[in-house]
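J.: CSV, C-alpha atoms, file upload26.csv:
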```csv
chain,number,residue,atom,x,y,z
A,71,MET,CA,-14.3,3.9,-20.1
A,72,PRO,CA,-15.3,0.6,-18.5
A,73,TRP,CA,-14.7,-1.2,-21.8
A,74,PHE,CA,-11.3,0.4,-22.2
A,75,PHE,CA,-10.3,-0.3,-18.6
A,76,TRP,CA,-11.1,-4.0,-18.8
A,77,SER,CA,-9.6,-4.3,-22.2
A,78,LEU,CA,-6.4,-2.8,-20.8
A,79,VAL,CA,-6.5,-5.3,-18.0
A,80,LEU,CA,-6.6,-8.2,-20.5
A,81,VAL,CA,-3.8,-6.7,-22.6
A,82,ILE,CA,-1.7,-6.3,-19.4
A,83,TRP,CA,-2.4,-10.0,-18.6
A,84,ILE,CA,-1.2,-11.0,-22.1
A,85,ALA,CA,1.9,-8.8,-21.7
A,86,GLY,CA,2.6,-10.3,-18.3
A,87,ALA,CA,2.3,-13.8,-19.8
A,88,ILE,CA,4.9,-12.8,-22.5
A,89,GLY,CA,7.1,-11.2,-19.9
A,90,PHE,CA,7.3,-7.4,-19.4
A,91,ASP,CA,10.7,-7.2,-21.0
A,92,TRP,CA,8.9,-7.5,-24.3
A,93,GLY,CA,5.3,-7.4,-23.2
A,94,TRP,CA,5.3,-3.6,-22.9
A,95,ILE,CA,5.5,-3.5,-26.7
A,96,VAL,CA,2.2,-5.3,-26.9
A,97,ILE,CA,0.6,-2.7,-24.6
A,98,VAL,CA,2.0,0.3,-26.5
A,99,ALA,CA,1.1,-1.2,-29.8
A,100,TRP,CA,-2.5,-1.9,-28.7
A,101,VAL,CA,-2.9,1.7,-27.4
A,102,LEU,CA,-1.5,3.2,-30.7
A,103,SER,CA,-3.6,0.9,-32.8
A,104,GLY,CA,-6.7,3.1,-32.2
A,105,ALA,CA,-5.5,5.3,-35.0
A,106,LEU,CA,-6.3,2.5,-37.5
A,107,VAL,CA,-10.0,3.0,-37.1
A,108,LEU,CA,-9.8,6.4,-38.6
A,109,LEU,CA,-8.8,4.9,-42.0
A,110,PRO,CA,-11.8,4.9,-44.4
A,111,SER,CA,-11.5,1.2,-45.2
A,112,THR,CA,-11.5,0.1,-41.5
A,113,GLU,CA,-15.1,0.8,-40.9
A,114,ASP,CA,-16.3,-1.4,-43.8
A,115,SER,CA,-13.9,-4.2,-42.8
A,116,MET,CA,-15.3,-4.1,-39.2
A,117,ALA,CA,-18.8,-4.3,-40.6
A,118,ARG,CA,-18.1,-7.3,-42.8
A,119,TYR,CA,-15.8,-9.4,-40.6
A,120,LEU,CA,-16.6,-8.4,-37.0
A,121,PHE,CA,-20.4,-7.8,-37.3
A,122,ARG,CA,-21.0,-10.2,-40.3
A,123,LEU,CA,-23.0,-7.5,-42.1
A,124,ARG,CA,-23.4,-7.2,-45.9
A,125,LYS,CA,-24.5,-4.3,-48.1
A,126,PRO,CA,-28.2,-4.5,-49.3
A,127,THR,CA,-29.0,-5.7,-52.8
A,128,LEU,CA,-30.8,-3.4,-55.3
A,129,VAL,CA,-34.1,-4.9,-54.4
A,130,GLU,CA,-33.5,-4.5,-50.7
A,131,GLN,CA,-32.4,-0.9,-51.3
A,132,GLN,CA,-35.7,-0.2,-53.0
A,133,ARG,CA,-37.6,-1.5,-50.0
A,134,LEU,CA,-35.4,0.3,-47.5
A,135,GLY,CA,-35.0,3.6,-49.3
A,136,PRO,CA,-38.4,5.3,-48.8
A,137,VAL,CA,-38.7,4.1,-45.2
A,138,TRP,CA,-35.1,5.2,-44.4
A,139,GLN,CA,-35.5,8.6,-45.9
A,140,GLN,CA,-38.7,9.3,-44.0
A,141,LEU,CA,-36.9,8.3,-40.7
A,142,LEU,CA,-34.0,10.6,-41.5
A,143,ARG,CA,-36.4,13.5,-42.0
A,144,ARG,CA,-38.2,12.8,-38.8
A,145,ALA,CA,-35.0,12.5,-36.8
A,146,GLU,CA,-33.5,15.5,-38.5
A,147,VAL,CA,-30.4,13.6,-39.6
A,148,PRO,CA,-28.6,14.6,-42.8
A,149,ASP,CA,-29.0,12.3,-45.8
A,150,GLY,CA,-25.8,10.3,-46.5
A,151,MET,CA,-24.4,10.5,-42.9
A,152,PHE,CA,-25.1,6.8,-42.3
A,153,SER,CA,-25.2,3.8,-44.5
A,154,LEU,CA,-27.5,0.8,-44.1
A,155,TRP,CA,-26.2,-2.8,-43.9
A,156,ILE,CA,-28.0,-6.1,-43.6
A,157,GLN,CA,-27.3,-8.7,-40.8
A,158,GLU,CA,-28.4,-12.3,-41.6
A,159,SER,CA,-30.3,-12.7,-38.4
A,160,ASP,CA,-33.8,-13.7,-37.2
A,161,GLU,CA,-33.6,-11.3,-34.3
A,162,VAL,CA,-35.8,-8.3,-34.1
A,163,ASN,CA,-32.8,-6.0,-34.0
A,164,ALA,CA,-29.3,-6.2,-35.5
A,165,THR,CA,-26.2,-5.9,-33.5
A,166,PRO,CA,-25.4,-2.3,-32.6
A,167,THR,CA,-22.5,-1.0,-34.7
A,168,PRO,CA,-20.2,2.0,-34.2
A,169,GLY,CA,-19.3,4.7,-36.7
A,170,HIS,CA,-21.5,5.5,-39.7
A,171,ILE,CA,-23.0,2.0,-40.2
A,172,VAL,CA,-26.6,1.2,-39.3
A,173,GLY,CA,-27.5,-2.5,-39.4
A,174,VAL,CA,-30.9,-4.0,-39.9
A,175,SER,CA,-31.8,-7.7,-39.3
A,176,ARG,CA,-33.0,-9.9,-42.1
A,177,TRP,CA,-36.1,-10.7,-40.1
A,178,ALA,CA,-37.1,-7.0,-39.8
A,179,LEU,CA,-36.4,-6.4,-43.5
A,180,TYR,CA,-38.4,-9.3,-44.9
A,181,THR,CA,-41.1,-9.6,-42.3
A,182,LEU,CA,-42.2,-6.1,-41.2
A,183,PRO,CA,-44.6,-3.8,-43.1
A,184,PRO,CA,-43.1,-0.4,-43.9
A,185,GLN,CA,-44.4,1.4,-40.8
A,186,HIS,CA,-43.0,-1.3,-38.5
A,187,LEU,CA,-39.7,-1.5,-40.4
A,188,GLU,CA,-39.3,2.3,-39.9
A,189,ALA,CA,-39.7,1.7,-36.1
A,190,ALA,CA,-37.1,-1.0,-36.1
A,191,LEU,CA,-34.7,1.3,-38.1
A,192,ALA,CA,-35.5,4.0,-35.6
A,193,HIS,CA,-34.1,1.8,-32.8
A,194,GLU,CA,-31.0,1.0,-34.9
A,195,LEU,CA,-30.4,4.7,-35.7
A,196,SER,CA,-31.0,5.7,-32.0
A,197,HIS,CA,-27.7,3.9,-31.1
A,198,HIS,CA,-25.9,6.6,-33.1
A,199,LEU,CA,-27.9,9.7,-32.0
A,200,GLY,CA,-26.3,12.1,-29.6
A,201,GLY,CA,-22.7,10.9,-30.2
A,202,ARG,CA,-19.7,11.3,-32.5
A,203,ALA,CA,-19.0,8.6,-35.2
A,204,TRP,CA,-15.2,8.7,-34.8
A,205,LEU,CA,-15.5,8.5,-31.0
A,206,SER,CA,-17.8,5.5,-31.2
A,207,LEU,CA,-15.4,3.8,-33.6
A,208,ILE,CA,-12.4,4.3,-31.2
A,209,SER,CA,-14.5,3.2,-28.2
A,210,PHE,CA,-15.5,0.0,-29.9
A,211,TRP,CA,-11.9,-0.7,-31.1
A,212,TYR,CA,-10.6,-0.5,-27.6
A,213,SER,CA,-13.4,-2.6,-26.3
A,214,ILE,CA,-12.6,-5.6,-28.5
A,215,PRO,CA,-10.4,-7.4,-26.0
A,216,ALA,CA,-13.0,-7.0,-23.2
A,217,ARG,CA,-15.7,-8.2,-25.6
A,218,PHE,CA,-13.7,-11.4,-26.4
A,219,GLY,CA,-13.2,-11.9,-22.7
A,220,LEU,CA,-17.0,-11.6,-22.1
A,221,ILE,CA,-17.6,-14.1,-24.9
A,222,ALA,CA,-15.2,-16.5,-23.3
A,223,ALA,CA,-16.9,-16.1,-19.9
A,224,ARG,CA,-20.3,-16.8,-21.5
A,225,ALA,CA,-18.9,-19.9,-23.3
A,226,VAL,CA,-17.6,-21.3,-20.0
A,227,ALA,CA,-20.8,-20.6,-18.2
A,228,ARG,CA,-22.8,-22.3,-21.1
A,229,VAL,CA,-20.6,-25.4,-20.9
A,230,MET,CA,-21.0,-25.6,-17.2
A,231,ARG,CA,-24.8,-25.3,-17.5
A,232,ARG,CA,-25.3,-27.8,-20.4
A,233,VAL,CA,-22.7,-30.5,-19.4
A,234,PRO,CA,-22.6,-30.4,-15.6
A,235,ALA,CA,-19.9,-33.1,-15.2
A,236,LEU,CA,-17.5,-31.5,-17.7
A,237,GLY,CA,-18.5,-28.1,-16.4
A,238,CYS,CA,-17.5,-29.1,-12.8
A,239,ILE,CA,-14.1,-30.4,-14.0
A,240,ILE,CA,-13.4,-27.2,-16.1
A,241,GLY,CA,-14.8,-24.9,-13.4
A,242,GLY,CA,-12.8,-26.6,-10.6
A,243,PHE,CA,-9.6,-26.5,-12.6
A,244,LEU,CA,-10.1,-22.8,-13.4
A,245,VAL,CA,-11.0,-21.9,-9.8
A,246,LEU,CA,-7.9,-23.7,-8.4
A,247,ALA,CA,-5.5,-22.3,-11.0
A,248,TYR,CA,-7.0,-18.8,-10.6
A,249,ALA,CA,-6.9,-19.0,-6.8
A,250,GLY,CA,-3.2,-20.0,-6.8
A,251,MET,CA,-2.3,-17.1,-9.1
A,252,ALA,CA,-4.3,-14.7,-7.1
A,253,LEU,CA,-2.8,-15.9,-3.8
A,254,ALA,CA,0.7,-15.4,-5.2
A,255,ALA,CA,-0.2,-11.9,-6.4
A,256,PHE,CA,-1.6,-10.9,-3.0
A,257,THR,CA,1.3,-12.5,-1.1
A,258,PHE,CA,4.3,-11.5,-3.2
A,259,GLY,CA,3.0,-8.7,-5.4
A,260,ARG,CA,4.2,-5.2,-4.8
A,261,GLY,CA,1.5,-2.6,-4.4
A,262,TYR,CA,-2.1,-3.0,-5.3
A,263,ILE,CA,-2.0,-3.2,-9.1
A,264,TRP,CA,-1.9,-7.0,-9.5
A,265,PRO,CA,-4.4,-7.8,-6.8
A,266,ILE,CA,-6.9,-5.4,-8.5
A,267,LEU,CA,-6.2,-7.0,-11.9
A,268,PHE,CA,-7.0,-10.5,-10.4
A,269,LEU,CA,-10.3,-9.2,-9.1
A,270,THR,CA,-11.5,-7.8,-12.4
A,271,PRO,CA,-12.7,-11.1,-13.9
A,272,PHE,CA,-15.3,-11.4,-11.2
A,273,VAL,CA,-16.6,-7.9,-11.7
A,274,ALA,CA,-16.1,-7.2,-15.5
A,275,PRO,CA,-18.3,-9.8,-17.2
A,276,PRO,CA,-21.6,-9.0,-15.4
A,277,PHE,CA,-21.0,-5.3,-15.4
A,278,LEU,CA,-20.2,-5.2,-19.2
A,279,ALA,CA,-23.3,-7.4,-19.9
A,280,TRP,CA,-25.4,-4.9,-17.9
A,281,LEU,CA,-23.8,-2.1,-19.9
A,282,ASN,CA,-24.9,-3.8,-23.1
A,283,ARG,CA,-28.5,-4.2,-21.8
A,284,TRP,CA,-28.5,-0.5,-20.8
A,285,HIS,CA,-27.5,0.6,-24.3
A,286,VAL,CA,-30.3,-1.4,-25.9
A,287,LYS,CA,-32.9,0.2,-23.6
A,288,GLN,CA,-31.5,3.6,-24.2
A,289,ALA,CA,-31.9,3.1,-27.9
A,290,ASP,CA,-35.5,2.0,-27.3
A,291,ARG,CA,-36.1,5.1,-25.2
A,292,LYS,CA,-34.7,7.4,-27.9
A,293,ALA,CA,-36.8,5.7,-30.6
A,294,ALA,CA,-39.9,6.2,-28.4
A,295,LEU,CA,-39.0,9.9,-28.0
A,296,LEU,CA,-38.9,10.2,-31.8
A,297,GLY,CA,-42.6,9.0,-31.8
A,298,TYR,CA,-42.0,5.3,-32.6
A,299,GLY,CA,-43.0,3.9,-29.1
A,300,THR,CA,-46.3,2.4,-30.0
A,301,THR,CA,-45.1,0.9,-33.3
A,302,LEU,CA,-41.9,-0.5,-31.7
A,303,VAL,CA,-44.0,-2.2,-29.0
A,304,GLN,CA,-46.0,-3.9,-31.7
A,305,VAL,CA,-42.8,-5.0,-33.5
A,306,LEU,CA,-41.5,-6.5,-30.2
A,307,TYR,CA,-44.7,-8.4,-29.5
A,308,GLY,CA,-44.9,-9.5,-33.2
A,309,TRP,CA,-41.4,-10.9,-33.0
A,310,GLN,CA,-42.2,-12.6,-29.7
A,311,MET,CA,-45.4,-14.3,-31.1
A,312,GLN,CA,-43.6,-15.5,-34.2
A,313,HIS,CA,-40.7,-17.0,-32.2
A,314,GLN,CA,-43.0,-18.2,-29.4
A,315,GLN,CA,-40.7,-16.8,-26.7
A,316,MET,CA,-41.6,-15.8,-23.2
A,317,LEU,CA,-41.8,-12.1,-22.3
A,318,GLY,CA,-40.5,-12.7,-18.8
A,319,ARG,CA,-36.9,-13.0,-17.7
A,320,ASP,CA,-35.2,-16.4,-17.7
A,321,THR,CA,-35.5,-18.1,-14.4
A,322,ASN,CA,-31.8,-18.9,-14.3
A,323,ARG,CA,-30.2,-16.0,-12.4
A,324,ARG,CA,-26.8,-16.6,-14.0
A,325,THR,CA,-28.3,-16.3,-17.4
A,326,GLN,CA,-30.0,-13.1,-16.5
A,327,VAL,CA,-26.8,-11.5,-15.2
A,328,MET,CA,-24.7,-12.5,-18.2
A,329,SER,CA,-27.2,-11.7,-20.9
A,330,SER,CA,-26.2,-8.9,-23.2
A,331,SER,CA,-29.7,-8.0,-24.2
A,332,PRO,CA,-32.7,-7.1,-22.0
A,333,SER,CA,-35.8,-9.2,-22.0
A,334,LEU,CA,-38.7,-8.1,-24.1
A,335,ILE,CA,-40.8,-7.1,-21.1
A,336,GLN,CA,-38.0,-4.9,-19.9
A,337,ARG,CA,-37.8,-3.2,-23.4
A,338,VAL,CA,-41.5,-2.7,-23.4
A,339,GLN,CA,-41.4,-1.1,-20.0
A,340,THR,CA,-38.6,1.2,-21.1
A,341,ILE,CA,-40.7,2.3,-24.0
A,342,GLU,CA,-43.7,2.9,-21.8
A,343,GLN,CA,-41.7,5.0,-19.4
A,344,ALA,CA,-40.5,7.2,-22.2
A,345,GLY,CA,-44.0,8.2,-23.2
A,346,ASP,CA,-47.7,7.2,-23.0
A,347,ILE,CA,-48.5,4.0,-24.9
A,348,PRO,CA,-52.2,3.8,-25.8
A,349,PRO,CA,-54.1,0.5,-25.4
A,350,GLN,CA,-54.0,0.0,-29.2
A,351,ALA,CA,-50.3,-0.9,-28.9
A,352,TRP,CA,-51.2,-4.2,-27.4
A,353,SER,CA,-53.5,-5.3,-30.1
```
Rewrite the structure of this file - the entire thing - as structure tokens.

T.:
Amino acid sequence: MPWFFWSLVLVIWIAGAIGFDWGWIVIVAWVLSGALVLLPSTEDSMARYLFRLRKPTLVEQQRLGPVWQQLLRRAEVPDGMFSLWIQESDEVNATPTPGHIVGVSRWALYTLPPQHLEAALAHELSHHLGGRAWLSLISFWYSIPARFGLIAARAVARVMRRVPALGCIIGGFLVLAYAGMALAAFTFGRGYIWPILFLTPFVAPPFLAWLNRWHVKQADRKAALLGYGTTLVQVLYGWQMQHQQMLGRDTNRRTQVMSSSPSLIQRVQTIEQAGDIPPQAWS
């Protein structure tokens, strides 16, 4: 619901920029477009073009097959319910996907031994457990405008951090323009709708980023409850050592608030809270 609400806000903004004489058509078309995700070809297209996934080769299928089948039996998931796709990424986990598609990162596929690969796949599968595939597809579809807005907010924050002079100019212009529009909405607007819409950009990006972090930790928790906690901790520390990254949070508070993924130490703590992790997990 938060994703849908803030996506609707952005669509209303676009409709308002066009003019509500015709802009209402944009709103209605966007709401009705959710039916498109129920088409069989839409899910594969989303995997290829939105998540940049690809189907595994025959060699990759031979490596994934036994591990995947063992995970499905352990999680009591019917065979053929989900399909595995590959993400060309050096991250420990692939981007969570809706529907019947489970992604696995290239790093996990080519680096991890079978037992650790199964734990990484357990995390990916856990994003899908306890929900309905069609509902997750529709939810993701209606979240796309809000996700693009979140990407834009992160891009502006990144520019302001890396190029302070240019960032100050861009930030100052956006603040003045936004303050003028918000003042006009509060002064001349009828009712409370437009003032609320102008407040959402300050609330939506950090809240949606927190929601993403919460989903990742929930997947870690479910994987730990399936019995993969110790192995998943080893996977996370192995990835950290290979990439020489700090386990602690970034000292920049803005980066922490806008990050879409929790730190490794937060993920390890989530797994530990889900069940007892023996000392061997740290070795």

J.: Could you tell me how far atom CA of A:Trp309 lies from atom CA of A:Gln339, in Å and to one decimal?

T.: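 Interatomic distance here is 16.3 Å.
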
J.: Would you compute the distance between atom CA of A:Ala344 and atom CA of A:Gly308? Give it in Å to one decimal.

T.: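 These atoms are spaced 20.5 Å apart.
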
J.: Can you list every residue of stretch 76-148 of chain A that has an atom at most 10 Å from stretch 164-183 of chain A, with its nearest atom pair and the distance in Å to one decimal, using all atoms listed in the file, ordered by chain then number, as a Markdown table?

T.:
```
| residue | atom | partner | partner_atom | distance |
| --- | --- | --- | --- | --- |
| A:Val107 | CA | A:Gly169 | CA | 9.5 |
| A:Leu108 | CA | A:Gly169 | CA | 9.8 |
| A:Glu113 | CA | A:Gly169 | CA | 7.1 |
| A:Asp114 | CA | A:Ile171 | CA | 8.3 |
| A:Met116 | CA | A:Thr167 | CA | 9.0 |
| A:Ala117 | CA | A:Ile171 | CA | 7.6 |
| A:Leu120 | CA | A:Thr167 | CA | 9.7 |
| A:Phe121 | CA | A:Thr165 | CA | 7.2 |
| A:Arg122 | CA | A:Thr165 | CA | 9.6 |
| A:Leu123 | CA | A:Gly173 | CA | 7.2 |
| A:Arg124 | CA | A:Gly173 | CA | 9.0 |
| A:Lys125 | CA | A:Gly173 | CA | 9.4 |
| A:Pro126 | CA | A:Val174 | CA | 9.8 |
| A:Glu130 | CA | A:Leu179 | CA | 8.0 |
| A:Arg133 | CA | A:Leu179 | CA | 8.2 |
| A:Leu134 | CA | A:Leu179 | CA | 7.9 |
```

J.: In Å, with one decimal, what is the gap from atom CA of A:His313 to atom CA of A:Glu161?

T.: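 According to the coordinates, atom CA of A:His313 and atom CA of A:Glu161 are separated by 9.3 Å.
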
J.: Around (-16.5, 0.2, -27.3) in the file's frame, which residues reach within 12 Å when counting only C-alpha atoms? Return as number ranges by chain?

T.: A: 71-77, 104, 166-169, 203-218, 278, 281-282, 285

J.: Could you give me, as a VMD selection string, the residues within 12 Å of A:Glu146, counting all atoms listed in the file and dropping anything in the same chain fewer than 6 positions from it?

T.: chain A and resid 138 to 140 195 199 to 200 296

J.: Give the answer as one residue: which of A:Asp290, A:Glu342, A:Glu194, A:Glu188 has the shortest atom-to-atom distance to A:Val137, using only C-alpha atoms?

T.: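 Going through A:Asp290, A:Glu342, A:Glu194, A:Glu188 one by one, the smallest distance to A:Val137 is for A:Glu188.
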
J.: Counting only C-alpha atoms, figure out which residue out of A:Ala279, A:Ala235, A:Ile95, A:Val286 gets nearest to A:His198.

T.: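 With only C-alpha atoms as the atom set, the closest residue is A:Val286.
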
J.: Tell me which protein, DNA and RNA residues are within 10 Å of A:Ala192, counting only C-alpha atoms, leaving out same-chain ones fewer than 2 positions away, and put them as a PyMOL selection string.

T.: chain A and resi 138+141-142+144-145+186-190+194-197+289-290+292-294+296-299+302

J.: Choose the residue, out of A:Ile335, A:Ala223, A:Leu80, A:Val147, that has the smallest atom-to-atom separation from A:Pro276; count only C-alpha atoms.

T.: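 Counting only C-alpha atoms, the residue closest to A:Pro276 is A:Ala223.
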